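Engineer: Okay, handing you the structure first.
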Number of protein chains: 2
Amino acid sequence: MVGNTNADSSGKLQQLREILAEVTDLNRAAMVLEWDQETYMPPGGVQGRAEQLSTLLRLSHVKFTSDEVGRLLDDLEDELASAPFDSDEASIVRVTRRDYDQARKLPPDLVAEIARAGSVAQPVWRKAREDADFASFAPYLEKNVELNRRIADALGYKDRPYDALLDRSEPGMTSKELAGIFAQLKDAIVPLVAGIARHADAIDDSALHRGFDPDLQVAYALDVVKHLGYDLERGRQDISTHPFSTGFGPGDVRITTRVSRDFFNECLFGSIHESGHAMYNQGMAREIDRTPLWDGASPGVHESQSRLWENLVGRSRAFWRHFYPSLRSVFPDPLRGVEEEDFYRAVNKSHPTYIRVEADEVTYNLHVLLRFELENELLEGKLKVKDLPEAWNSRFKSYLGLDVPNDRDGALQDIHWSFVSFGIFPGYTIGNLVSAQLMEKIRLDIPDLDAQIERGQFANLLGWLRKNVHRHGRKFTPNELLERATGKPLTAAPWIAYVQQKFGALYSLEAARAG
Amino acid sequence: MVGNTNADSSGKLQQLREILAEVTDLNRAAMVLEWDQETYMPPGGVQGRAEQLSTLLRLSHVKFTSDEVGRLLDDLEDELASAPFDSDEASIVRVTRRDYDQARKLPPDLVAEIARAGSVAQPVWRKAREDADFASFAPYLEKNVELNRRIADALGYKDRPYDALLDRSEPGMTSKELAGIFAQLKDAIVPLVAGIARHADAIDDSALHRGFDPDLQVAYALDVVKHLGYDLERGRQDISTHPFSTGFGPGDVRITTRVSRDFFNECLFGSIHESGHAMYNQGMAREIDRTPLWDGASPGVHESQSRLWENLVGRSRAFWRHFYPSLRSVFPDPLRGVEEEDFYRAVNKSHPTYIRVEADEVTYNLHVLLRFELENELLEGKLKVKDLPEAWNSRFKSYLGLDVPNDRDGALQDIHWSFVSFGIFPGYTIGNLVSAQLMEKIRLDIPDLDAQIERGQFANLLGWLRKNVHRHGRKFTPNELLERATGKPLTAAPWIAYVQQKFGALYSLEAARAG
C-alpha cells in the first residue's frame with residue numbers, strides 16, 4: 001500500500017495474510033451455508049449441511065492453529081516491534097496472536113468433547129424446555145458446567161474462572177469490573193421497574209396488536225433501514241425464524257427479520273436492530289478485510305451498534321416525528337386515531353416479562369445480571385445444578401417482581417446452556433451500556449442530532465460511528481475503543497441517566513425516583 | 001453395511017472415503033455459494049465470492065490430487081481386484097482412479113494458465129458479442145484453441161485430439177462414434193427441417209405470447225414439477241437469469257427457473273427441464289453419497305433426464321390431456337378459445353433460430369453438430385480462427401437454411417469458447433438421443449405409459465428411471481449404463497424415429513418424408 005512505512009521486507013506479513021485470508025474464506029463459506037440454512041434450505045438438507053459445515057470449520061481450525069502461524073507470529077512480533085499500536089500490521093499480528101493462543105490452549109480432545117456434548121445436549125434441552133422438566137436436562141447442564149470449568153482452566157485466569165470465559169468474548173473485561181457495573185445497574189433499575197409497575201396504565205400499546213399486513217411491514221422495515229444507511233448494494237433482507245445479521249465480507253452483509261401480523265414491534269425493530277449490526281460490518285475498513293480484524297471489537301460492542309439504532313434512535317421521539325406520517329399512510333386502518341405521541345409511547349411501553357429475548361429496554365439488563373450471577377456461582381461450585389431453578393426463581397422475584405410459573409419460562413429458556421458457552425450473556429448488557437456511552441459523546445459532537453433525526457438525516461450519525469467505531473473492526477478491545485471514542489472505559493452512568501430520564505418522563509415518575 | 005461381502009479389512013477404503021467426503025463437502029460448499037451468487041447475492045458480493053470460491057476449489061483440488069489418494073488407490077485396486085464391477089467399493093475406486101489420473105495429468109501451471117485465460121477472455125467475449133465484433137475476440141479464441149490442444153496432449157488420445165476432451169466429460173465416447181451418429185442425424189434432420197419450413201403455417205403459437213401473469217406461472221410450474229415427482233422436502237425452486245439445477249447432496253437438490261410474461265414456454269418447460277436434472281440427483285443411492293459416484297454418469301446422461309421430462313413427457317399429447325384443464329383454469333384470459341389440441345401443437349412449433357439455447361426439439365442437434373465439426377477442425381488446425389465466422393455462416397445456411405446476420409447471432413453466441421472447454425457441446429445431443437433411447441425401452445416395460453400420463457400418474461415412469469439410471473450415479477459410463485438399461489450402446493435411431501413420427505404428424509409431412 002502507498003504510504004505504508006513498515007515495508008514487509010521479509011515477506012512474512014504477506015505469508016501470514018495469505019493464510020488468514022484462506023481461513024477467513026473458509027469461515028465465510030460456512031457463514032453463507034448457515035445463512036442459507038436459516039433462510040431457504042429445504043428440510044432434507046439438515047444432515048448434509050452439518051457435514052459440510054463440520055468439514056469447513058475443521059479445515060479452518062487446522063489451518064489457523066498450525067505451527068506455521070505460530071512461527072510467523074513469533075517472527076513478526078520481532079519485526080514489527082516498533083510499528084504503531086494502531087497500524088494495520090501491528091494490529092493484525094496482535095489480534096491474531098490473541099486468537100491463536102486461545103485456540104492453541106484448548107486441547108483438541110476438549111474441543112471435540114465440547115462439540116459432542118453440545119450436539120447431544122441440544123435436543124435434550126429442547127424436549128426439557130417443551131416439557132418444563134428441568135430434571136431431565138440437569139445431568140447435561142452438569143456436564144456443561146464441568147466443560148466450562150475445564151475451558152477456564154485451560155485458558156487460565158488470575159481471579160475467578162469466569163474471567164477466562166469472559167475474556168474470550170469481551171477481551172480485557174473482568175468479572176470484577178462487571179460485578180461493579182451490575183451492582184450500579186441493580187440499584188438503579190430495580191426501583192425504576194417498581195415505579196413503572198405502579199404506573200403501568202400510563203401507556204396503552206394496544207394499537208401495536210391491531211393487525212398489520214406482513215408484506216407491507218417487511219417492505220416498510222426495509223425502506224427504513226435503507227434510509228438509516230444500510231447499503232442494499234452490499235446487503236439484503238430475508239425472513240428467518242430468529243432474526244440475525246451476517247457478513248461475508250465488505251461487499252455482502254445481510255440481515256434477516258421476522259414478522260407478526262399481531263405485533264408490530266417484531267419486524268420493524270428487529271430489522272433496525274439487525275441493520276445496526278450490519279452497518280457496523282459494512283463500515284469496516286477494506287484494508288483489514290480477510291484478516292481477524294474484520295469483525296466486531298466484541299459481541300458486546302457489536303450489540304451496542306444494534307441497540308443504538310434500535311433503541312436510542314428507533315425508539316426516540318425524534319425518530320417517530322420523522323417516520324410516523326409515512327407509517328400511518330402505509331397502515332391507515334390499525335393506526336386510525338393513534339397520534340404520533342401515542343405511538344411513540346406505545347413502542348416504549350415497559351413491563352417485566354419472564355423471557356429475556358422479549359424484555360424491554362428497562363428490564364433487559366436484569367435478565368443478564370441474573371445469568372451473570374448464576375453462571376459465576378455454578379462455575380465456582382457455590383450453586384449446585386439441582387438448586388438452579390430455585391435460585392433462578394427467587395432472584396427473579398426480587399429483581400423483576402414476578403413469580404416464575406415453570407422452568408420453561410425460567411431456567412430452561414435459553415439455548416446457551418445446552419452448548420457450552422458461559423460468559424456470553426454479559427455482552428448483551430455491555431451492548432446496552434456502550435450504546436448510551438457512545439451516544440452521550442455523539443450528542444456533544446453533533447449538538448443538533450435530534451433535529452437531524454426529525455428531518456430524517458442520519459448521515460452525520462452514521463459517519464461518526466464509522467469514524468470512531470466501525471472502521472477499526474477488532475483492532476481495539478472494547479475498553480480501548482471506548483477510551484478512544486469517549487475518553488473513558490466502560491461506564492454504566494450514561495445508560496442509567498438515559499433510562500431514568502426517558503422512562504421517568506414516560507411514566508411521570510419524578511415522585512417515585514425521589515422516593 | 002449389512003451384506004457387504006468385501007469387508008474393508010485394511011481400513012483403506014474407509015480412509016479413501018474420508019478424503020473423498022471432505023473433497024465432496026468442499027465442492028458442495030462451493031456449489032451453495034454459486035447457487036447463492038445466481039439467486040440472492042447482492043451486487044457488492046462479487047469480489048468476495050470469487051475469493052471464497054477460489055479458496056474452496058483450490059483446497060478441494062489439492063486434497064483430491066494428493067499423493068495419499070494415489071497410494072490408497074494403488075492399494076485398493078489390489079485389495080478389491082475380485083470385487084464385483086458394479087459393487088459400490090469397486091466402482092468408487094474405479095471412478096476415483098479415472099478422475100484422479102485426469103486431474104494429475106494436467107500440470108498445475110497449465111491449470112493456472114487456463115483459469116487466468118478464462119477470466120481474461122470472458123469480459124472480452126461479452127463486449128465482442130455485444131458489438132458483434134469477432135476480430136476483437138479472435139486472439140483470445142486462438143489462445144483458447146492452443147490451451148485445448150495442450151490439454152488434449154497432456155491427457156493423451158489414440159485417434160483425434162478431440163477424443164481426449166470428449167472423454168473428460170463423456171467417458172468412453174469417441175469422435176469417431178459421434179461423427180457416425182451426427183452423420184445419421186444430419187441425413188434425417190436437414191430434410192425434416194426443410195419439410196417443416198414448407199408447412200410453417202400449420203401451427204399457430206400466438207397464444208403462447210398473450211401475456212401470462214409471472215407469479216402464477218412460477219407457482220403453476222412448481223405444482224407441475226412436484227406432481228412429476230420432484231421432492232420439495234429435499235428441494236426448492238428460485239428465480240435466476242439462467243435456469244439451472246444444483247445438488248448439494250441427497251437431501252438438498254434445487255432448481256431455478258425464469259419467467260417471461262410474453263412467452264409461456266420459458267418458465268414451465270424450464271422448470272420441467274431442471275426438475276428432470278434434479279430428480280436424477282434426488283434418485284441417487286445414499287450409499288454413494290459423498291463420493292465421486294454421487295453425480296450424473298456424464299453431462300450428456302444428465303441432459304437425457306431433463307430432456308426426457310421436458311420434451312418426451314412435457315411436450316406430449318398425453319401430458320396436456322392431463323394438465324391443460326388446470327392450466328386453462330389458472331390462465332383463463334390468454335387461453336380463451338385455445339383448445340387442448342391447439343395448445344399441444346403450439347408448444348411443439350418448430351422453426352429454425354440463430355441461437356442454440358432457443359432451438360426447438362428438431363433443430364437443436366444441428367446447432368450441436370455445427371460446433372462439434374468446428375471445434376474438431378480448429379483443434380486440428382484445419383480451420384483458422386480468423387476463418388471461423390465464414391465457416392460458421394456457410395454451414396449454418398446449409399443445415400438450417402438461414403443467413404446469419406452478424407456474429408452476435410453466429411460464432412460469438414456461446415460463452416463456452418471464452419473459458420476453455422471444447423468437447424462440452426456434444427453432451428446436449430447425447431442427452432437428446434439417450435432420452436429417446438431410454439423411452440423406447442420404457443414403453444416396452446410400461447406399455448400403458450401414455451394412459452398413465454393422461455391420468456397424471458408419473459410414479460411408474462420415475463420408478464423405472466430411478467431403478468435403471470438414477471440410483472447408479474456415476475457408477476457406469478454412458479454406454480455401460482445404456483447397455484444395462486436398453487441392451488445397446490448409444491444409438492440415434494430411436495430419437496430419429498421419434499422426431500420423424502411426431503413432427504411428421506404435426507406438420508402433415510408424409511409426402512415430404514417420402515420425397
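Following the order of the C-alpha cells, chains are lettered A, B, ..., residues in each are numbered from 1, and ligands are numbered from 1.
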Quick one: everything within 9 Å of Tyr280 (chain B), counting only C-alpha atoms, minus sequence neighbours fewer than 4 positions away in the same chain. Send it as a ChimeraX atom specification.

Structural biologist: /B:275-276,284,295-296,302,305-306,465-466,469-471,473

Engineer: Please identify every residue of chain A that has at least one atom no more than 8 Å from any atom of chain B, counting only C-alpha atoms, and report them as a ChimeraX atom specification.

Structural biologist: /A:22,25-26,28-30,32-33,41-48,51-52,55-56,232-236,248-252

Engineer: Could you save those same residues with N, CA and C atoms as an mmCIF file, in the first residue's frame?

Structural biologist:
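Just written: selection_11.cif:
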```cif
data_model
loop_
_atom_site.group_PDB
_atom_site.id
_atom_site.type_symbol
_atom_site.label_atom_id
_atom_site.label_comp_id
_atom_site.auth_asym_id
_atom_site.auth_seq_id
_atom_site.Cartn_x
_atom_site.Cartn_y
_atom_site.Cartn_z
ATOM 1 N N GLU A 22 -7.188 -17.340 3.665
ATOM 2 C CA GLU A 22 -7.750 -18.665 3.400
ATOM 3 C C GLU A 22 -8.680 -19.089 4.547
ATOM 4 N N ASP A 25 -11.838 -17.101 4.285
ATOM 5 C CA ASP A 25 -12.706 -17.598 3.207
ATOM 6 C C ASP A 25 -13.464 -18.846 3.651
ATOM 7 N N LEU A 26 -12.785 -19.750 4.339
ATOM 8 C CA LEU A 26 -13.454 -20.963 4.818
ATOM 9 C C LEU A 26 -14.547 -20.602 5.820
ATOM 10 N N ARG A 28 -16.135 -17.771 6.068
ATOM 11 C CA ARG A 28 -17.223 -17.064 5.383
ATOM 12 C C ARG A 28 -18.076 -18.021 4.568
ATOM 13 N N ALA A 29 -17.434 -18.993 3.941
ATOM 14 C CA ALA A 29 -18.221 -20.001 3.222
ATOM 15 C C ALA A 29 -19.162 -20.679 4.204
ATOM 16 N N ALA A 30 -18.651 -20.999 5.391
ATOM 17 C CA ALA A 30 -19.508 -21.615 6.418
ATOM 18 C C ALA A 30 -20.656 -20.679 6.780
ATOM 19 N N VAL A 32 -22.090 -18.439 4.860
ATOM 20 C CA VAL A 32 -23.075 -18.461 3.773
ATOM 21 C C VAL A 32 -23.959 -19.701 3.928
ATOM 22 N N LEU A 33 -23.337 -20.831 4.229
ATOM 23 C CA LEU A 33 -24.102 -22.066 4.407
ATOM 24 C C LEU A 33 -25.062 -21.947 5.586
ATOM 25 N N MET A 41 -32.925 -23.227 2.978
ATOM 26 C CA MET A 41 -32.618 -24.651 2.849
ATOM 27 C C MET A 41 -33.850 -25.524 3.090
ATOM 28 N N PRO A 42 -34.087 -26.502 2.218
ATOM 29 C CA PRO A 42 -35.219 -27.401 2.464
ATOM 30 C C PRO A 42 -34.928 -28.305 3.670
ATOM 31 N N PRO A 43 -35.998 -28.852 4.284
ATOM 32 C CA PRO A 43 -35.809 -29.657 5.499
ATOM 33 C C PRO A 43 -34.818 -30.809 5.306
ATOM 34 N N GLY A 44 -34.844 -31.423 4.118
ATOM 35 C CA GLY A 44 -33.979 -32.579 3.872
ATOM 36 C C GLY A 44 -32.495 -32.263 3.912
ATOM 37 N N GLY A 45 -32.141 -30.984 3.897
ATOM 38 C CA GLY A 45 -30.729 -30.619 3.803
ATOM 39 C C GLY A 45 -29.951 -30.690 5.106
ATOM 40 N N VAL A 46 -30.650 -30.941 6.211
ATOM 41 C CA VAL A 46 -30.010 -30.820 7.531
ATOM 42 C C VAL A 46 -28.723 -31.647 7.664
ATOM 43 N N GLN A 47 -28.814 -32.928 7.333
ATOM 44 C CA GLN A 47 -27.652 -33.779 7.576
ATOM 45 C C GLN A 47 -26.457 -33.384 6.708
ATOM 46 N N GLY A 48 -26.708 -33.214 5.423
ATOM 47 C CA GLY A 48 -25.623 -32.829 4.522
ATOM 48 C C GLY A 48 -25.003 -31.499 4.921
ATOM 49 N N GLU A 51 -22.607 -31.879 7.731
ATOM 50 C CA GLU A 51 -21.337 -32.444 7.267
ATOM 51 C C GLU A 51 -20.473 -31.376 6.604
ATOM 52 N N GLN A 52 -21.117 -30.570 5.746
ATOM 53 C CA GLN A 52 -20.349 -29.526 5.036
ATOM 54 C C GLN A 52 -19.772 -28.522 6.029
ATOM 55 N N THR A 55 -16.835 -29.967 7.994
ATOM 56 C CA THR A 55 -15.606 -30.012 7.186
ATOM 57 C C THR A 55 -14.980 -28.624 7.053
ATOM 58 N N LEU A 56 -15.775 -27.633 6.726
ATOM 59 C CA LEU A 56 -15.225 -26.282 6.536
ATOM 60 C C LEU A 56 -14.587 -25.771 7.825
ATOM 61 N N LEU A 232 -27.957 -1.463 0.466
ATOM 62 C CA LEU A 232 -28.505 -2.672 -0.157
ATOM 63 C C LEU A 232 -27.737 -3.124 -1.395
ATOM 64 N N GLU A 233 -26.828 -2.296 -1.882
ATOM 65 C CA GLU A 233 -25.925 -2.789 -2.928
ATOM 66 C C GLU A 233 -24.981 -3.841 -2.345
ATOM 67 N N ARG A 234 -24.806 -3.755 -1.031
ATOM 68 C CA ARG A 234 -23.897 -4.680 -0.344
ATOM 69 C C ARG A 234 -24.653 -5.426 0.767
ATOM 70 N N GLY A 235 -25.931 -5.635 0.568
ATOM 71 C CA GLY A 235 -26.712 -6.316 1.587
ATOM 72 C C GLY A 235 -28.070 -6.712 1.064
ATOM 73 N N ARG A 236 -28.839 -7.408 1.890
ATOM 74 C CA ARG A 236 -30.195 -7.761 1.542
ATOM 75 C C ARG A 236 -30.918 -8.203 2.807
ATOM 76 N N PHE A 248 -20.344 -11.570 5.027
ATOM 77 C CA PHE A 248 -19.419 -12.435 4.290
ATOM 78 C C PHE A 248 -18.252 -11.635 3.729
ATOM 79 N N GLY A 249 -18.121 -10.377 4.133
ATOM 80 C CA GLY A 249 -17.095 -9.507 3.591
ATOM 81 C C GLY A 249 -17.672 -8.124 3.374
ATOM 82 N N PRO A 250 -16.810 -7.147 3.049
ATOM 83 C CA PRO A 250 -17.280 -5.763 2.951
ATOM 84 C C PRO A 250 -18.391 -5.576 1.917
ATOM 85 N N GLY A 251 -18.468 -6.462 0.943
ATOM 86 C CA GLY A 251 -19.437 -6.283 -0.128
ATOM 87 C C GLY A 251 -20.735 -7.045 0.068
ATOM 88 N N ASP A 252 -20.884 -7.754 1.178
ATOM 89 C CA ASP A 252 -22.053 -8.624 1.315
ATOM 90 C C ASP A 252 -22.342 -8.865 2.800
#
```

Engineer: Any idea what's packed within 8 Å of region 111-120 of chain A, counting only C-alpha atoms, ignoring anything in its chain fewer than 5 positions away? Could you give it as a VMD selection string?

Structural biologist: chain A and resid 106 140 143 to 144 147 418 to 420

Engineer: Create the file for the chosen residues now, containing N, CA and C atoms and written as a short mmCIF file (atom, residue, chain, number, x, y, z; two decimals), in the first residue's frame.

Structural biologist:
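Full text of part_30.cif as output:
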```
data_model
loop_
_atom_site.label_atom_id
_atom_site.label_comp_id
_atom_site.auth_asym_id
_atom_site.auth_seq_id
_atom_site.Cartn_x
_atom_site.Cartn_y
_atom_site.Cartn_z
N LEU A 106 -6.64 -24.68 24.03
CA LEU A 106 -7.70 -25.69 24.21
C LEU A 106 -7.24 -27.00 23.55
N TYR A 140 -27.06 -32.91 31.84
CA TYR A 140 -26.35 -32.30 30.71
C TYR A 140 -25.79 -30.93 31.10
N LYS A 143 -22.67 -31.54 33.10
CA LYS A 143 -21.56 -31.80 32.17
C LYS A 143 -21.05 -30.47 31.58
N ASN A 144 -21.99 -29.64 31.23
CA ASN A 144 -21.65 -28.35 30.64
C ASN A 144 -20.86 -27.48 31.62
N LEU A 147 -17.39 -28.79 31.70
CA LEU A 147 -16.63 -28.42 30.49
C LEU A 147 -16.23 -26.95 30.55
N SER A 418 -27.14 -25.16 26.74
CA SER A 418 -27.09 -26.51 26.17
C SER A 418 -25.86 -26.71 25.29
N PHE A 419 -25.14 -25.65 24.97
CA PHE A 419 -23.99 -25.87 24.08
C PHE A 419 -22.70 -25.22 24.56
N VAL A 420 -22.50 -25.21 25.87
CA VAL A 420 -21.21 -24.80 26.42
C VAL A 420 -20.82 -23.39 26.04
#
```

Engineer: As a ChimeraX atom specification, please: every residue in region 234-429 of chain A that a backbone DSSP assignment puts in strand (DSSP E or B).

Structural biologist: /A:237-239,245-247,253-257

Engineer: Identify, on the basis of only C-alpha atoms, every residue whose closest approach to Thr174 (chain B) does not exceed 8 Å; exclude the query and any residue fewer than 6 positions from it along the same chain; express the result as number ranges by chain.

Structural biologist: B: 163, 166-167

Engineer: Save out the residues we just selected, C-alpha atoms, as a short mmCIF file (atom, residue, chain, number, x, y, z; two decimals), in the first residue's frame.

Structural biologist:
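Once written, selection33.cif looks like this:
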```cif
data_model
loop_
_atom_site.label_atom_id
_atom_site.label_comp_id
_atom_site.auth_asym_id
_atom_site.auth_seq_id
_atom_site.Cartn_x
_atom_site.Cartn_y
_atom_site.Cartn_z
CA ASP B 163 -11.17 -37.62 -28.10
CA LEU B 166 -14.66 -35.67 -25.08
CA ASP B 167 -13.55 -38.48 -22.79
#
```

Engineer: Got a sec: who's within 8 Å of region 81-93 of chain A, counting only C-alpha atoms, leaving out chain neighbours fewer than 5 positions off, as a PyMOL selection string?

Structural biologist: chain A and resi 6+13+73+76+287-288+291-293+475

Engineer: Take the residues that were just selected and, keeping C-alpha atoms, output them as an mmCIF file, in the first residue's frame.

Structural biologist:
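Printed below is selection-v5.cif as written:
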```cif
data_model
loop_
_atom_site.group_PDB
_atom_site.id
_atom_site.type_symbol
_atom_site.label_atom_id
_atom_site.label_comp_id
_atom_site.auth_asym_id
_atom_site.auth_seq_id
_atom_site.Cartn_x
_atom_site.Cartn_y
_atom_site.Cartn_z
ATOM 1 C CA ASN A 6 6.530 -0.771 7.544
ATOM 2 C CA LEU A 13 3.367 -10.471 6.838
ATOM 3 C CA LEU A 73 3.704 -14.590 14.620
ATOM 4 C CA LEU A 76 6.543 -10.728 13.039
ATOM 5 C CA GLU A 287 -7.700 -2.764 4.300
ATOM 6 C CA ILE A 288 -8.424 -5.202 7.122
ATOM 7 C CA THR A 291 -7.963 -10.795 8.437
ATOM 8 C CA PRO A 292 -9.152 -11.478 12.016
ATOM 9 C CA LEU A 293 -9.598 -7.698 12.368
ATOM 10 C CA LYS A 475 -8.265 -3.504 16.147
#
```

Engineer: Which residues are close to His227 (chain B), i.e. within 9 Å by only C-alpha atoms, leaving aside same-chain residues fewer than 2 positions away? Reply as a ChimeraX atom specification.

Structural biologist: /B:222-225,229-230,456-458

Engineer: Residues as selected, N, CA and C atoms, written as a PDB file, in the first residue's frame, can you do that?

Structural biologist:
```pdb
ATOM      1  N   LEU B 222     -44.185 -24.899 -10.385  1.00  0.00           N
ATOM      2  CA  LEU B 222     -43.774 -25.637  -9.186  1.00  0.00           C
ATOM      3  C   LEU B 222     -44.765 -26.755  -8.884  1.00  0.00           C
ATOM      4  N   ASP B 223     -46.049 -26.461  -9.038  1.00  0.00           N
ATOM      5  CA  ASP B 223     -47.064 -27.509  -8.851  1.00  0.00           C
ATOM      6  C   ASP B 223     -46.831 -28.674  -9.798  1.00  0.00           C
ATOM      7  N   VAL B 224     -46.540 -28.345 -11.059  1.00  0.00           N
ATOM      8  CA  VAL B 224     -46.362 -29.403 -12.057  1.00  0.00           C
ATOM      9  C   VAL B 224     -45.162 -30.283 -11.698  1.00  0.00           C
ATOM     10  N   VAL B 225     -44.021 -29.673 -11.399  1.00  0.00           N
ATOM     11  CA  VAL B 225     -42.825 -30.500 -11.168  1.00  0.00           C
ATOM     12  C   VAL B 225     -42.963 -31.319  -9.881  1.00  0.00           C
ATOM     13  N   GLY B 229     -42.833 -35.580  -9.540  1.00  0.00           N
ATOM     14  CA  GLY B 229     -42.061 -36.392  -8.597  1.00  0.00           C
ATOM     15  C   GLY B 229     -40.860 -35.673  -7.989  1.00  0.00           C
ATOM     16  N   TYR B 230     -40.709 -34.392  -8.321  1.00  0.00           N
ATOM     17  CA  TYR B 230     -39.613 -33.624  -7.716  1.00  0.00           C
ATOM     18  C   TYR B 230     -39.981 -33.368  -6.253  1.00  0.00           C
ATOM     19  N   GLY B 456     -52.263 -38.439 -15.122  1.00  0.00           N
ATOM     20  CA  GLY B 456     -51.418 -37.680 -14.192  1.00  0.00           C
ATOM     21  C   GLY B 456     -50.603 -38.584 -13.278  1.00  0.00           C
ATOM     22  N   GLN B 457     -50.363 -39.810 -13.724  1.00  0.00           N
ATOM     23  CA  GLN B 457     -49.583 -40.761 -12.910  1.00  0.00           C
ATOM     24  C   GLN B 457     -48.169 -40.891 -13.474  1.00  0.00           C
ATOM     25  N   PHE B 458     -47.208 -40.484 -12.680  1.00  0.00           N
ATOM     26  CA  PHE B 458     -45.824 -40.480 -13.150  1.00  0.00           C
ATOM     27  C   PHE B 458     -44.924 -41.390 -12.322  1.00  0.00           C
TER      28      PHE B 458
END
```
